[in-house]
Amino acid sequence: MLPTIRQLQYLKLLAEHGAFGRAAEAAHVTQPTLSAGIQELERTLGAAVVDRARSGVILTPVGEEALRRATVILNEAEELVEAAKNAGQPLTGRFRLGVIPTIAPFLLPKALPLLRDRFPKLKLFLREDLTQRLIVHLKAGRLDAALIALPFDMAGLEWAHVSDDELLAAVPANHPLASVKAATPEALERENLILLEDGHCLREHALSACRLSAARSAAGEEPFAATSLPTVVQMVGSGLGVTFIPRMAVTAGLAEAAPVAVRPIAAERPAREIVVAWRAGSNRRAEGRLLAEVLKDA
């Protein structure tokens with residue numbers, strides 16, 4: 001005998017809500033019904049999946065593993081239903097798209113109107129997060145695709161090219177580098193670098209493109225760090241140092257928010273590749289490729 005989809009749903013809701021009563025309410029069933037479903041699941045697996053206590057329920061190691069696999073199965077089942085509903089109608093119905101913070105505010109304002117015009121039946125759900133967490137959600141089936149930047153470890157994923165996004169140097173408007181045609185990595189290395197915090201792939205892309213070490217600054221100390229590009233640009237405009245900024249952000253007007261000068265970087269291919277990624281083998285592959293084609297026009 002195999003677990004049923006309903007039993008796996010009960011387990012997922014129980015893990016999310018931590019109590020049989022709340023999980024039953026979320027499942028729109030009575031508490032005895034949900035409890036019976038969990039008990040049947042335990043008999044099928046031959047082991048307990050939850051520890052019952054006054055403070056709530058805690059998943060056992062078997063329960064944790066069952067939940068991990070159940071999440072994948074349930075998401076596959078949801079994809080099956082969506083695919084059947086939208087057969088022959090790409091980008092119709094629900095589509096869950098992840099986007100990294102160094103792309104979302106610059107590309108989406110132009111891309112979303114295009115998507116609405118071309119695919120009026122599309123119900124787009126957006127999640128902005130760091131690349132590593134988006135990929136975790138992709139592999140777990142909680143996202144259908146993600147708009148991210150390469151290079152990055154893409155094991156288990158497929159992707160379609162959207163564009164190459166040049167990385168530029170941003171310096172204070174009155175800085176000596178503001179008068180040069182292109183800033184060399186060596187010149188930037190002598191300045192105080194202002195970078196995004198660890199976890200932002202743009203940080204690694206910029207350092208790698210210029211072959212710089214994150215531990216270097218004019219004073220030989222760890223560089224300043226910020227959580228967003230707008231904050232970084234404001235710090236540069238205040239004279240605290242220099243940074244790297246993607247061309248799409250400059251095109252969107254980010255550099256106009258502070259007294260900064262933007263210059264090309266005299267390095268070999270200082271750029272990141274923007275792609276739409278999805279789980280290898282996902283039945284949303286065709287839609288991922290179609291989405292990438294639309295984003296090229298944005």
# chains A, B, ... in the order shown; residues from 1 in each chain; ligands from 1

call {"tool": "select_by_dssp", "arguments": {"residues": "stretch 57-255 of chain A", "states": "helix (DSSP H, G or I)", "output": "ChimeraX atom specification"}}
result
/A:61-85,104-118,131-139,176-179,185-189,201-210,229-237,247-251,254-255

call {"tool": "residues_around", "arguments": {"residues": "stretch 170-180 of chain A", "least_positions_apart": "6", "cutoff": "9 Å", "atoms": "only C-alpha atoms", "output": "VMD selection string"}}
result
chain A and resid 187 to 188 233 236 to 245 255 258 to 264

call {"tool": "write_last_selection", "arguments": {"atoms": "N, CA and C atoms", "output": "PDB file, in the first residue's frame"}}
result
ATOM      1  N   ALA A 187      42.887  50.365 -10.309  1.00  0.00           N
ATOM      2  CA  ALA A 187      42.513  51.646  -9.707  1.00  0.00           C
ATOM      3  C   ALA A 187      41.396  51.465  -8.696  1.00  0.00           C
ATOM      4  N   LEU A 188      40.431  50.618  -9.016  1.00  0.00           N
ATOM      5  CA  LEU A 188      39.325  50.359  -8.091  1.00  0.00           C
ATOM      6  C   LEU A 188      39.818  49.668  -6.828  1.00  0.00           C
ATOM      7  N   VAL A 233      24.529  52.894  -3.671  1.00  0.00           N
ATOM      8  CA  VAL A 233      24.701  54.111  -4.484  1.00  0.00           C
ATOM      9  C   VAL A 233      24.714  55.351  -3.595  1.00  0.00           C
ATOM     10  N   VAL A 236      28.109  55.609  -1.996  1.00  0.00           N
ATOM     11  CA  VAL A 236      29.103  56.105  -2.948  1.00  0.00           C
ATOM     12  C   VAL A 236      28.936  57.611  -3.141  1.00  0.00           C
ATOM     13  N   GLY A 237      27.692  58.052  -3.298  1.00  0.00           N
ATOM     14  CA  GLY A 237      27.435  59.473  -3.471  1.00  0.00           C
ATOM     15  C   GLY A 237      27.880  60.314  -2.293  1.00  0.00           C
ATOM     16  N   SER A 238      27.941  59.704  -1.118  1.00  0.00           N
ATOM     17  CA  SER A 238      28.393  60.399   0.094  1.00  0.00           C
ATOM     18  C   SER A 238      29.909  60.402   0.227  1.00  0.00           C
ATOM     19  N   GLY A 239      30.597  59.795  -0.732  1.00  0.00           N
ATOM     20  CA  GLY A 239      32.055  59.812  -0.717  1.00  0.00           C
ATOM     21  C   GLY A 239      32.690  58.720   0.107  1.00  0.00           C
ATOM     22  N   LEU A 240      31.933  57.670   0.442  1.00  0.00           N
ATOM     23  CA  LEU A 240      32.480  56.621   1.301  1.00  0.00           C
ATOM     24  C   LEU A 240      33.317  55.601   0.538  1.00  0.00           C
ATOM     25  N   GLY A 241      33.229  55.595  -0.795  1.00  0.00           N
ATOM     26  CA  GLY A 241      33.995  54.632  -1.559  1.00  0.00           C
ATOM     27  C   GLY A 241      33.461  54.487  -2.963  1.00  0.00           C
ATOM     28  N   VAL A 242      33.795  53.365  -3.610  1.00  0.00           N
ATOM     29  CA  VAL A 242      33.370  53.077  -4.977  1.00  0.00           C
ATOM     30  C   VAL A 242      32.661  51.726  -4.982  1.00  0.00           C
ATOM     31  N   THR A 243      31.965  51.438  -6.076  1.00  0.00           N
ATOM     32  CA  THR A 243      31.240  50.171  -6.137  1.00  0.00           C
ATOM     33  C   THR A 243      31.078  49.717  -7.574  1.00  0.00           C
ATOM     34  N   PHE A 244      30.374  48.602  -7.727  1.00  0.00           N
ATOM     35  CA  PHE A 244      30.019  48.071  -9.036  1.00  0.00           C
ATOM     36  C   PHE A 244      28.506  48.099  -9.153  1.00  0.00           C
ATOM     37  N   ILE A 245      28.017  48.424 -10.345  1.00  0.00           N
ATOM     38  CA  ILE A 245      26.580  48.540 -10.540  1.00  0.00           C
ATOM     39  C   ILE A 245      26.222  47.964 -11.913  1.00  0.00           C
ATOM     40  N   ALA A 255      21.508  55.460 -10.808  1.00  0.00           N
ATOM     41  CA  ALA A 255      22.667  56.324 -10.591  1.00  0.00           C
ATOM     42  C   ALA A 255      22.292  57.794 -10.499  1.00  0.00           C
ATOM     43  N   ALA A 258      21.863  59.839  -6.682  1.00  0.00           N
ATOM     44  CA  ALA A 258      22.946  60.355  -5.835  1.00  0.00           C
ATOM     45  C   ALA A 258      24.020  60.945  -6.745  1.00  0.00           C
ATOM     46  N   PRO A 259      24.889  61.817  -6.204  1.00  0.00           N
ATOM     47  CA  PRO A 259      25.955  62.410  -7.021  1.00  0.00           C
ATOM     48  C   PRO A 259      27.082  61.414  -7.298  1.00  0.00           C
ATOM     49  N   VAL A 260      26.865  60.541  -8.279  1.00  0.00           N
ATOM     50  CA  VAL A 260      27.871  59.547  -8.641  1.00  0.00           C
ATOM     51  C   VAL A 260      28.148  59.630 -10.128  1.00  0.00           C
ATOM     52  N   ALA A 261      29.312  59.146 -10.516  1.00  0.00           N
ATOM     53  CA  ALA A 261      29.682  59.020 -11.922  1.00  0.00           C
ATOM     54  C   ALA A 261      29.837  57.546 -12.235  1.00  0.00           C
ATOM     55  N   VAL A 262      29.356  57.128 -13.393  1.00  0.00           N
ATOM     56  CA  VAL A 262      29.413  55.725 -13.793  1.00  0.00           C
ATOM     57  C   VAL A 262      30.371  55.594 -14.970  1.00  0.00           C
ATOM     58  N   ARG A 263      31.299  54.655 -14.857  1.00  0.00           N
ATOM     59  CA  ARG A 263      32.302  54.459 -15.898  1.00  0.00           C
ATOM     60  C   ARG A 263      32.430  52.976 -16.239  1.00  0.00           C
ATOM     61  N   PRO A 264      32.757  52.640 -17.501  1.00  0.00           N
ATOM     62  CA  PRO A 264      33.027  51.240 -17.857  1.00  0.00           C
ATOM     63  C   PRO A 264      34.235  50.725 -17.082  1.00  0.00           C
TER      64      PRO A 264
END

call {"tool": "residues_around", "arguments": {"residues": "A:Ile73", "least_positions_apart": "2", "cutoff": "12 Å", "atoms": "only C-alpha atoms", "output": "PDB file with N, CA and C atoms, in the first residue's frame"}}
result
ATOM      1  N   PRO A   3       1.178   5.662   0.390  1.00  0.00           N
ATOM      2  CA  PRO A   3       0.495   6.815   0.974  1.00  0.00           C
ATOM      3  C   PRO A   3      -0.367   7.508  -0.080  1.00  0.00           C
ATOM      4  N   THR A   4      -1.456   8.103   0.349  1.00  0.00           N
ATOM      5  CA  THR A   4      -2.314   8.846  -0.576  1.00  0.00           C
ATOM      6  C   THR A   4      -1.904  10.314  -0.594  1.00  0.00           C
ATOM      7  N   ILE A   5      -2.303  10.989  -1.647  1.00  0.00           N
ATOM      8  CA  ILE A   5      -2.038  12.424  -1.738  1.00  0.00           C
ATOM      9  C   ILE A   5      -2.649  13.154  -0.543  1.00  0.00           C
ATOM     10  N   ARG A   6      -3.846  12.741  -0.152  1.00  0.00           N
ATOM     11  CA  ARG A   6      -4.528  13.395   0.962  1.00  0.00           C
ATOM     12  C   ARG A   6      -3.738  13.234   2.245  1.00  0.00           C
ATOM     13  N   GLN A   7      -3.199  12.043   2.497  1.00  0.00           N
ATOM     14  CA  GLN A   7      -2.401  11.828   3.699  1.00  0.00           C
ATOM     15  C   GLN A   7      -1.149  12.707   3.700  1.00  0.00           C
ATOM     16  N   LEU A   8      -0.530  12.838   2.542  1.00  0.00           N
ATOM     17  CA  LEU A   8       0.654  13.688   2.442  1.00  0.00           C
ATOM     18  C   LEU A   8       0.288  15.155   2.664  1.00  0.00           C
ATOM     19  N   GLN A   9      -0.885  15.552   2.196  1.00  0.00           N
ATOM     20  CA  GLN A   9      -1.357  16.916   2.454  1.00  0.00           C
ATOM     21  C   GLN A   9      -1.566  17.134   3.949  1.00  0.00           C
ATOM     22  N   LYS A  12       1.806  17.668   5.573  1.00  0.00           N
ATOM     23  CA  LYS A  12       2.362  18.987   5.261  1.00  0.00           C
ATOM     24  C   LYS A  12       1.670  20.074   6.090  1.00  0.00           C
ATOM     25  N   ALA A  66       9.685  12.083   5.384  1.00  0.00           N
ATOM     26  CA  ALA A  66       8.417  11.936   4.671  1.00  0.00           C
ATOM     27  C   ALA A  66       7.912  13.288   4.187  1.00  0.00           C
ATOM     28  N   LEU A  67       8.076  14.321   5.014  1.00  0.00           N
ATOM     29  CA  LEU A  67       7.645  15.665   4.629  1.00  0.00           C
ATOM     30  C   LEU A  67       8.443  16.169   3.437  1.00  0.00           C
ATOM     31  N   ARG A  68       9.754  15.946   3.456  1.00  0.00           N
ATOM     32  CA  ARG A  68      10.601  16.403   2.350  1.00  0.00           C
ATOM     33  C   ARG A  68      10.140  15.773   1.039  1.00  0.00           C
ATOM     34  N   ARG A  69       9.900  14.467   1.058  1.00  0.00           N
ATOM     35  CA  ARG A  69       9.479  13.786  -0.155  1.00  0.00           C
ATOM     36  C   ARG A  69       8.028  14.150  -0.517  1.00  0.00           C
ATOM     37  N   ALA A  70       7.193  14.334   0.511  1.00  0.00           N
ATOM     38  CA  ALA A  70       5.794  14.691   0.262  1.00  0.00           C
ATOM     39  C   ALA A  70       5.692  16.047  -0.420  1.00  0.00           C
ATOM     40  N   THR A  71       6.552  16.986  -0.021  1.00  0.00           N
ATOM     41  CA  THR A  71       6.531  18.317  -0.622  1.00  0.00           C
ATOM     42  C   THR A  71       6.787  18.233  -2.116  1.00  0.00           C
ATOM     43  N   ASN A  75       3.921  19.064  -4.973  1.00  0.00           N
ATOM     44  CA  ASN A  75       4.166  20.096  -5.974  1.00  0.00           C
ATOM     45  C   ASN A  75       4.094  19.530  -7.383  1.00  0.00           C
ATOM     46  N   GLU A  76       4.564  18.288  -7.553  1.00  0.00           N
ATOM     47  CA  GLU A  76       4.444  17.641  -8.862  1.00  0.00           C
ATOM     48  C   GLU A  76       2.973  17.446  -9.215  1.00  0.00           C
ATOM     49  N   ALA A  77       2.167  17.062  -8.224  1.00  0.00           N
ATOM     50  CA  ALA A  77       0.736  16.869  -8.469  1.00  0.00           C
ATOM     51  C   ALA A  77       0.070  18.184  -8.860  1.00  0.00           C
ATOM     52  N   GLU A  78       0.462  19.281  -8.188  1.00  0.00           N
ATOM     53  CA  GLU A  78      -0.088  20.595  -8.520  1.00  0.00           C
ATOM     54  C   GLU A  78       0.307  20.985  -9.940  1.00  0.00           C
ATOM     55  N   GLU A  79       1.563  20.715 -10.303  1.00  0.00           N
ATOM     56  CA  GLU A  79       2.008  21.027 -11.661  1.00  0.00           C
ATOM     57  C   GLU A  79       1.223  20.232 -12.688  1.00  0.00           C
ATOM     58  N   LEU A  80       0.926  18.969 -12.361  1.00  0.00           N
ATOM     59  CA  LEU A  80       0.151  18.131 -13.269  1.00  0.00           C
ATOM     60  C   LEU A  80      -1.223  18.732 -13.522  1.00  0.00           C
ATOM     61  N   LYS A 139      14.060  23.769  -6.574  1.00  0.00           N
ATOM     62  CA  LYS A 139      14.279  22.326  -6.500  1.00  0.00           C
ATOM     63  C   LYS A 139      13.215  21.633  -5.660  1.00  0.00           C
ATOM     64  N   ALA A 140      12.630  22.363  -4.701  1.00  0.00           N
ATOM     65  CA  ALA A 140      11.572  21.784  -3.877  1.00  0.00           C
ATOM     66  C   ALA A 140      10.205  21.889  -4.552  1.00  0.00           C
ATOM     67  N   GLY A 141      10.149  22.557  -5.702  1.00  0.00           N
ATOM     68  CA  GLY A 141       8.884  22.686  -6.418  1.00  0.00           C
ATOM     69  C   GLY A 141       8.003  23.806  -5.926  1.00  0.00           C
ATOM     70  N   ARG A 142       8.532  24.684  -5.073  1.00  0.00           N
ATOM     71  CA  ARG A 142       7.729  25.802  -4.565  1.00  0.00           C
ATOM     72  C   ARG A 142       7.740  26.999  -5.508  1.00  0.00           C
TER      73      ARG A 142
END

call {"tool": "atom_distance", "arguments": {"atom1": "atom CA of A:Leu212", "atom2": "atom CA of A:Val232"}}
result
18.1 Å

call {"tool": "closest_residue", "arguments": {"among": "A:Ser282, A:Thr102, A:Ser208, A:Leu150", "to": "A:Val72", "atoms": "only C-alpha atoms"}}
result
A:Ser282

call {"tool": "atom_distance", "arguments": {"atom1": "atom CA of A:Gly199", "atom2": "atom CA of A:Gln132"}}
result
7.5 Å
